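Pasted below: run33.cif, mmCIF, C-alpha atoms and all ligand atoms.
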data_run
#
loop_
_atom_site.label_atom_id
_atom_site.label_comp_id
_atom_site.auth_asym_id
_atom_site.auth_seq_id
_atom_site.Cartn_x
_atom_site.Cartn_y
_atom_site.Cartn_z
CA MET A 11 248.29 -125.94 -18.55
CA SER A 12 250.13 -124.21 -15.78
CA LYS A 13 253.78 -125.07 -15.29
CA SER A 14 253.90 -124.08 -11.64
CA LEU A 15 250.63 -125.50 -10.26
CA LEU A 16 250.42 -129.24 -9.67
CA THR A 17 247.49 -130.36 -11.80
CA VAL A 18 245.33 -133.08 -10.25
CA ALA A 19 242.79 -134.95 -12.42
CA MET A 20 239.78 -135.93 -10.34
CA PRO A 21 237.08 -138.39 -11.45
CA LYS A 22 233.51 -137.11 -11.72
CA GLY A 23 230.71 -139.21 -10.34
CA ARG A 24 230.60 -141.76 -7.57
CA ILE A 25 234.36 -141.82 -6.78
CA PHE A 26 234.51 -138.02 -6.55
CA GLU A 27 233.19 -137.56 -3.05
CA GLU A 28 235.47 -140.18 -1.50
CA ALA A 29 238.50 -138.92 -3.44
CA VAL A 30 237.88 -135.31 -2.34
CA GLY A 31 237.33 -136.50 1.24
CA LEU A 32 240.68 -138.28 1.22
CA LEU A 33 242.52 -135.25 -0.17
CA ARG A 34 240.92 -132.99 2.43
CA GLN A 35 241.92 -135.44 5.18
CA ALA A 36 245.47 -135.25 3.79
CA GLY A 37 245.36 -131.49 4.34
CA TYR A 38 244.59 -130.25 0.82
CA ALA A 39 242.14 -127.36 0.83
CA ILE A 40 239.69 -128.18 -1.94
CA PRO A 41 237.10 -125.40 -2.22
CA GLU A 42 233.52 -126.28 -1.24
CA GLU A 43 232.32 -124.90 -4.58
CA PHE A 44 233.91 -127.92 -6.25
CA ASP A 45 231.33 -130.25 -4.73
CA GLU A 46 228.35 -128.46 -6.21
CA SER A 47 229.42 -126.49 -9.26
CA ARG A 48 229.65 -127.49 -12.92
CA LYS A 49 233.11 -125.98 -13.14
CA LEU A 50 235.69 -128.30 -14.63
CA ILE A 51 238.84 -126.48 -13.53
CA ILE A 52 239.50 -124.99 -10.12
CA ASP A 53 242.78 -123.39 -9.11
CA VAL A 54 243.88 -123.37 -5.49
CA PRO A 55 246.99 -121.19 -5.75
CA GLU A 56 247.53 -121.16 -1.97
CA SER A 57 248.12 -124.94 -2.13
CA GLY A 58 249.97 -124.67 -5.46
CA MET A 59 247.32 -126.89 -7.06
CA ARG A 60 244.89 -126.96 -9.93
CA PHE A 61 242.08 -129.53 -9.99
CA ILE A 62 240.51 -130.69 -13.21
CA LEU A 63 237.35 -132.74 -13.25
CA ALA A 64 237.18 -135.53 -15.85
CA LYS A 65 235.04 -138.55 -16.66
CA PRO A 66 236.50 -141.42 -14.59
CA MET A 67 237.47 -143.40 -17.72
CA ASP A 68 239.41 -140.37 -19.04
CA VAL A 69 241.54 -139.59 -15.98
CA PRO A 70 244.52 -141.78 -17.08
CA THR A 71 244.39 -140.14 -20.54
CA TYR A 72 244.85 -136.65 -19.04
CA VAL A 73 247.67 -137.94 -16.87
CA GLU A 74 249.38 -139.87 -19.69
CA HIS A 75 249.42 -136.76 -21.88
CA GLY A 76 250.86 -134.69 -19.04
CA VAL A 77 248.05 -132.11 -18.94
CA ALA A 78 247.47 -133.45 -15.45
CA ASP A 79 250.49 -134.34 -13.34
CA VAL A 80 248.62 -136.75 -11.09
CA GLY A 81 245.13 -138.20 -10.82
CA VAL A 82 242.74 -140.57 -9.12
CA ALA A 83 241.56 -143.53 -11.20
CA GLY A 84 239.78 -146.81 -10.47
CA LYS A 85 241.69 -150.06 -11.01
CA ASP A 86 238.93 -150.99 -13.49
CA VAL A 87 239.82 -147.94 -15.59
CA MET A 88 243.55 -148.67 -15.31
CA LEU A 89 243.05 -152.24 -16.58
CA GLU A 90 240.78 -151.10 -19.40
CA GLU A 91 242.83 -148.11 -20.55
CA GLU A 92 246.39 -149.42 -20.05
CA ARG A 93 247.82 -145.90 -20.14
CA ASP A 94 251.49 -145.09 -19.73
CA VAL A 95 251.29 -143.74 -16.18
CA TYR A 96 252.69 -144.78 -12.83
CA GLU A 97 250.26 -146.29 -10.36
CA VAL A 98 251.92 -145.26 -7.12
CA LEU A 99 249.38 -145.77 -4.35
CA ASP A 100 246.27 -147.83 -3.64
CA LEU A 101 243.95 -145.26 -2.05
CA LYS A 102 241.67 -148.09 -0.86
CA ILE A 103 238.55 -146.01 -1.52
CA SER A 104 235.50 -146.81 -3.65
CA ALA A 105 236.00 -150.52 -3.12
CA CYS A 106 233.95 -152.75 -5.39
CA TYR A 107 234.66 -155.65 -7.74
CA MET A 108 234.18 -156.76 -11.32
CA ALA A 109 231.87 -159.67 -11.88
CA VAL A 110 230.17 -161.69 -14.57
CA ALA A 111 226.38 -161.77 -14.20
CA ALA A 112 223.40 -163.17 -16.06
CA LEU A 113 219.71 -163.98 -15.70
CA PRO A 114 219.11 -166.84 -13.22
CA SER A 115 217.77 -168.97 -16.09
CA TYR A 116 221.01 -168.65 -18.06
CA ASP A 117 222.67 -171.98 -18.81
CA PRO A 118 226.31 -171.49 -19.87
CA SER A 119 226.63 -175.10 -21.09
CA ALA A 120 223.86 -174.47 -23.62
CA ASP A 121 225.45 -171.26 -24.87
CA VAL A 122 227.52 -171.89 -28.01
CA ALA A 123 228.24 -168.31 -29.05
CA PRO A 124 228.02 -166.24 -25.87
CA LYS A 125 227.52 -162.52 -26.14
CA ILE A 126 228.94 -160.46 -23.28
CA ALA A 127 227.92 -156.85 -22.77
CA SER A 128 230.31 -154.50 -20.96
CA LYS A 129 231.62 -150.99 -20.59
CA TYR A 130 235.05 -152.66 -20.39
CA PRO A 131 235.66 -154.42 -23.73
CA LYS A 132 239.42 -154.83 -23.28
CA LEU A 133 239.27 -156.12 -19.73
CA THR A 134 236.43 -158.46 -20.72
CA SER A 135 238.25 -159.76 -23.77
CA ASP A 136 241.47 -160.35 -21.73
CA TYR A 137 239.48 -162.19 -19.06
CA PHE A 138 237.70 -164.57 -21.42
CA ARG A 139 240.86 -165.17 -23.46
CA GLU A 140 242.61 -166.26 -20.25
CA GLN A 141 239.67 -168.53 -19.47
CA GLY A 142 239.98 -170.02 -22.98
CA GLU A 143 236.41 -169.11 -23.83
CA GLN A 144 235.49 -167.57 -27.14
CA VAL A 145 232.93 -164.80 -26.72
CA GLU A 146 231.49 -161.90 -28.65
CA ILE A 147 231.81 -158.61 -26.78
CA ILE A 148 229.15 -155.94 -27.06
CA LYS A 149 230.41 -152.55 -25.89
CA LEU A 150 227.91 -150.42 -24.03
CA ASN A 151 228.37 -147.13 -22.21
CA GLY A 152 226.25 -147.73 -19.12
CA SER A 153 223.10 -149.40 -17.75
CA ILE A 154 224.77 -152.70 -18.64
CA GLU A 155 222.24 -154.68 -16.59
CA LEU A 156 219.64 -153.94 -19.25
CA ALA A 157 221.41 -156.04 -21.90
CA PRO A 158 220.51 -159.58 -20.73
CA ILE A 159 216.96 -158.54 -19.81
CA VAL A 160 216.16 -157.33 -23.30
CA GLY A 161 218.12 -160.09 -25.01
CA LEU A 162 221.04 -158.04 -26.29
CA ALA A 163 223.59 -160.19 -24.43
CA ASP A 164 223.77 -163.49 -22.53
CA ARG A 165 226.07 -162.27 -19.79
CA ILE A 166 227.47 -158.96 -18.58
CA VAL A 167 230.80 -157.90 -17.11
CA ASP A 168 230.39 -154.97 -14.78
CA ILE A 169 231.22 -153.35 -11.47
CA VAL A 170 229.35 -154.60 -8.42
CA SER A 171 229.35 -152.35 -5.40
CA THR A 172 226.33 -152.93 -3.15
CA GLY A 173 224.79 -155.52 -5.50
CA GLN A 174 221.60 -153.49 -5.58
CA THR A 175 221.55 -152.93 -9.35
CA LEU A 176 221.90 -156.66 -10.08
CA LYS A 177 219.23 -157.50 -7.51
CA GLU A 178 216.70 -154.92 -8.66
CA ASN A 179 217.08 -156.11 -12.22
CA GLY A 180 216.76 -159.79 -11.38
CA LEU A 181 220.32 -160.74 -12.35
CA VAL A 182 222.68 -163.06 -10.52
CA GLU A 183 226.42 -162.98 -10.22
CA ILE A 184 228.04 -166.03 -11.81
CA GLU A 185 231.74 -165.27 -11.41
CA THR A 186 233.71 -162.81 -9.31
CA MET A 187 236.58 -161.43 -11.34
CA ILE A 188 238.79 -158.79 -9.69
CA PRO A 189 238.63 -156.55 -6.61
CA ILE A 190 238.69 -152.84 -7.49
CA THR A 191 239.80 -149.74 -5.56
CA SER A 192 240.91 -146.27 -6.62
CA ARG A 193 244.57 -145.60 -7.34
CA PHE A 194 246.77 -142.50 -7.23
CA ILE A 195 248.46 -142.21 -10.61
CA VAL A 196 251.34 -140.03 -11.79
CA ASN A 197 252.67 -138.84 -15.14
CA PRO A 198 256.23 -140.26 -15.52
CA VAL A 199 257.77 -136.92 -16.59
CA SER A 200 256.01 -134.98 -13.82
CA TYR A 201 257.32 -137.55 -11.35
CA ARG A 202 260.81 -136.29 -12.17
CA THR A 203 260.15 -132.59 -12.72
CA LYS A 204 257.73 -132.06 -9.83
CA SER A 205 259.08 -134.78 -7.57
CA LYS A 206 259.05 -132.67 -4.40
CA GLN A 207 255.35 -131.77 -4.63
CA ILE A 208 254.35 -135.24 -5.81
CA ASP A 209 256.37 -137.14 -3.20
CA GLU A 210 254.85 -134.97 -0.50
CA MET A 211 251.36 -135.62 -1.81
CA VAL A 212 251.96 -139.39 -1.98
CA ASP A 213 253.37 -139.40 1.58
CA ARG A 214 250.43 -137.43 2.95
CA LEU A 215 247.90 -139.62 1.17
CA ALA A 216 249.67 -142.83 2.22
CA GLU A 217 249.49 -141.69 5.82
CA VAL A 218 245.74 -141.03 5.61
CA VAL A 219 245.17 -144.37 3.85
CA SER A 220 247.01 -146.30 6.56
CA GLU A 221 245.10 -144.43 9.29
CA GLU A 222 241.83 -145.32 7.57
CA VAL A 223 242.80 -148.98 7.20
CA ALA A 224 243.75 -149.13 10.89
CA LYS A 225 240.31 -147.80 11.96
C1 LIG B 301 227.72 -148.86 -11.79
C2 LIG B 301 227.88 -150.25 -12.38
C3 LIG B 301 226.60 -150.94 -11.95
C4 LIG B 301 226.32 -150.30 -10.60
C5 LIG B 301 226.76 -151.20 -9.49
O1 LIG B 301 226.95 -148.11 -12.65
O2 LIG B 301 228.03 -150.19 -13.79
O3 LIG B 301 225.56 -150.69 -12.84
O4 LIG B 301 227.06 -149.09 -10.55
O5 LIG B 301 226.51 -150.65 -8.21
P1 LIG B 301 225.66 -151.42 -7.12
O6 LIG B 301 226.23 -152.81 -7.02
O7 LIG B 301 225.89 -150.62 -5.87
O8 LIG B 301 224.23 -151.41 -7.53
P2 LIG B 301 226.79 -146.55 -12.52
O9 LIG B 301 225.76 -146.21 -11.52
O10 LIG B 301 228.14 -145.94 -12.28
O11 LIG B 301 226.21 -146.10 -13.92
P3 LIG B 301 226.21 -146.75 -15.35
O12 LIG B 301 225.21 -147.86 -15.34
O13 LIG B 301 225.78 -145.63 -16.23
O14 LIG B 301 227.59 -147.24 -15.65
#

Could you express the structure from this file as structure tokens?
Amino acid sequence: MSKSLLTVAMPKGRIFEEAVGLLRQAGYAIPEEFDESRKLIIDVPESGMRFILAKPMDVPTYVEHGVADVGVAGKDVMLEEERDVYEVLDLKISACYMAVAALPSYDPSADVAPKIASKYPKLTSDYFREQGEQVEIIKLNGSIELAPIVGLADRIVDIVSTGQTLKENGLVEIETMIPITSRFIVNPVSYRTKSKQIDEMVDRLAEVVSEEVAK
């Protein structure tokens, strides 16, 4: 990876558009081609930046290993991955929350050995341990809402954004867990060695975030 360019790890998928929008508002020229192409690395030498496009769950891994200096990651991913990175700014984008959901007919008091399906096994296990409930966690990689419908799990732990996925699959939320937004994260070594560029980026982003909140 380049020593001179500031490498920014961006999350693919639903956070991407909002994250790119925020960076553009902060004055960073991210090429239009990034929105459409399948390219995973794009250099913008005039801004002194390189963007890499990763799976959202992997962004903190790239940043922890220092192949990206900074990145944008959801709080859900930060709690699940527990990587050694600094979380320096709440970008307040892609707001959603984690919740426990089940079929409306589900009776927790009748459930002696509950099975919980989730893409977030660590976060789920921490949550139920804190609640003092013993559960079996079934790790899935997506379409979590399917699990209770087909009888793979009794409950699910997942992200709720509009609530549409739960609704369309006939599930109901039974507990709200944690509010989630995207965070700006920084590699601890880069924070020292590229402090000027990173501080400037954090300041510019913080300004845009506070303008957005004030709207
Ligand atoms: C996420 C999440 C829920 C859904 C929630 O899945 O896991 O399934 O979005 O959004 P909603 O409340 O607006 O319906 P995503 O679409 O990212 O795909 P996945 O099922 O493959 O994880």

Using only C-alpha atoms, the best pick from A:Val80, A:Ile159, A:Ala109, A:Val87 as closest to Glu178 of chain A would be A:Ile159

Would you write out, as JSON lines, a table of all residues in chain A that have an atom no more than 6 Å from an atom of ligand LIG 301 (chain B), listing for each the closest atom pair and the distance in Å to one decimal, considering all atoms listed in the file and ordering rows by chain and rising residue number?
{"residue": "A:Gly152", "atom": "CA", "partner": "B:LIG301", "partner_atom": "O13", "distance": 3.6}
{"residue": "A:Ser153", "atom": "CA", "partner": "B:LIG301", "partner_atom": "O12", "distance": 3.6}
{"residue": "A:Ile154", "atom": "CA", "partner": "B:LIG301", "partner_atom": "O12", "distance": 5.9}
{"residue": "A:Asp168", "atom": "CA", "partner": "B:LIG301", "partner_atom": "O2", "distance": 5.4}
{"residue": "A:Ile169", "atom": "CA", "partner": "B:LIG301", "partner_atom": "C2", "distance": 4.6}
{"residue": "A:Val170", "atom": "CA", "partner": "B:LIG301", "partner_atom": "O6", "distance": 3.9}
{"residue": "A:Ser171", "atom": "CA", "partner": "B:LIG301", "partner_atom": "O6", "distance": 3.5}
{"residue": "A:Thr172", "atom": "CA", "partner": "B:LIG301", "partner_atom": "O7", "distance": 3.6}
{"residue": "A:Gly173", "atom": "CA", "partner": "B:LIG301", "partner_atom": "O6", "distance": 3.4}
{"residue": "A:Gln174", "atom": "CA", "partner": "B:LIG301", "partner_atom": "O8", "distance": 3.9}
{"residue": "A:Thr175", "atom": "CA", "partner": "B:LIG301", "partner_atom": "O8", "distance": 3.6}

Quick one: what's the axis-aligned box for segment 20-30 of chain A, all listed atoms, 6 Å on every side, centre and edges in Å to one decimal, as JSON?
{"center_x": 235.2, "center_y": -138.6, "center_z": -6.6, "size_x": 21.2, "size_y": 18.5, "size_z": 22.2}

What does the structure give for the distance between atom CA of His75 of chain A and atom CA of Leu133 of chain A, in Å to one decimal? 22.0 Å

Using only C-alpha atoms, which protein or nucleic acid residues come within 7 Å of Ser104 of chain A? Drop anything in the same chain fewer than 5 positions from it, and give the result as a PyMOL selection string. chain A and resi 25+28+191-192

Atom CA of Val18 of chain A sits from atom CA of Met59 of chain A at a separation of 7.2 Å

Of the candidates A:Arg193, A:Asp79, A:Arg24, A:Lys204, which one gets nearest to Leu99 of chain A if we count only C-alpha atoms?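 Among A:Arg193, A:Asp79, A:Arg24, A:Lys204, it is A:Arg193 that comes nearest to Leu99 of chain A.
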
I'd like the contact shell of Glu97 of chain A - 7 Å cut-off, all atoms listed in the file, skipping same-chain residues fewer than 3 positions apart - returned as a PDB file with C-alpha atoms, keeping the file's coordinate frame.
ATOM      1  CA  ARG A 193     244.570-145.600  -7.340  1.00  0.00           C
ATOM      2  CA  PHE A 194     246.770-142.500  -7.230  1.00  0.00           C
ATOM      3  CA  ILE A 195     248.460-142.210 -10.610  1.00  0.00           C
ATOM      4  CA  VAL A 196     251.340-140.030 -11.790  1.00  0.00           C
TER       5      VAL A 196
END

All residues 9 Å or closer to Leu181 of chain A, all atoms listed in the file, same chain fewer than 3 positions away omitted, as a VMD selection string: chain A and resid 111 to 114 155 158 to 159 175 to 178

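We find atom CA of Lys102 of chain A and atom CA of Lys49 of chain A to be spaced 26.7 Å apart.
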
Out of A:Glu222, A:Leu101, A:Gly23, A:Leu89, which residue has the shortest atom-to-atom distance to Lys132 of chain A when counting only C-alpha atoms? A:Leu89

Measuring between only C-alpha atoms, which one of A:Gln35, A:Gln141, A:Ser119, A:Thr71 shows the shortest distance to Glu221 of chain A? A:Gln35

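Using all atoms listed in the file, the protein and nucleic acid residues lying at most 12 Å from the point (258.9, -137.5, -13.9) are Val73, Glu74, Gly76, Asp79, Val80, Val95, Tyr96, Ile195, Val196, Asn197, Pro198, Val199, Ser200, Tyr201, Arg202, Thr203, Lys204, Ser205, Lys206, Gln207, Ile208 and Asp209 of chain A.
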
Here is a test: counting only C-alpha atoms, which residue of A:Asp117, A:Glu217, A:Glu56, A:Glu140 is nearest to Ile184 of chain A?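 Nearest to Ile184 of chain A: A:Asp117.
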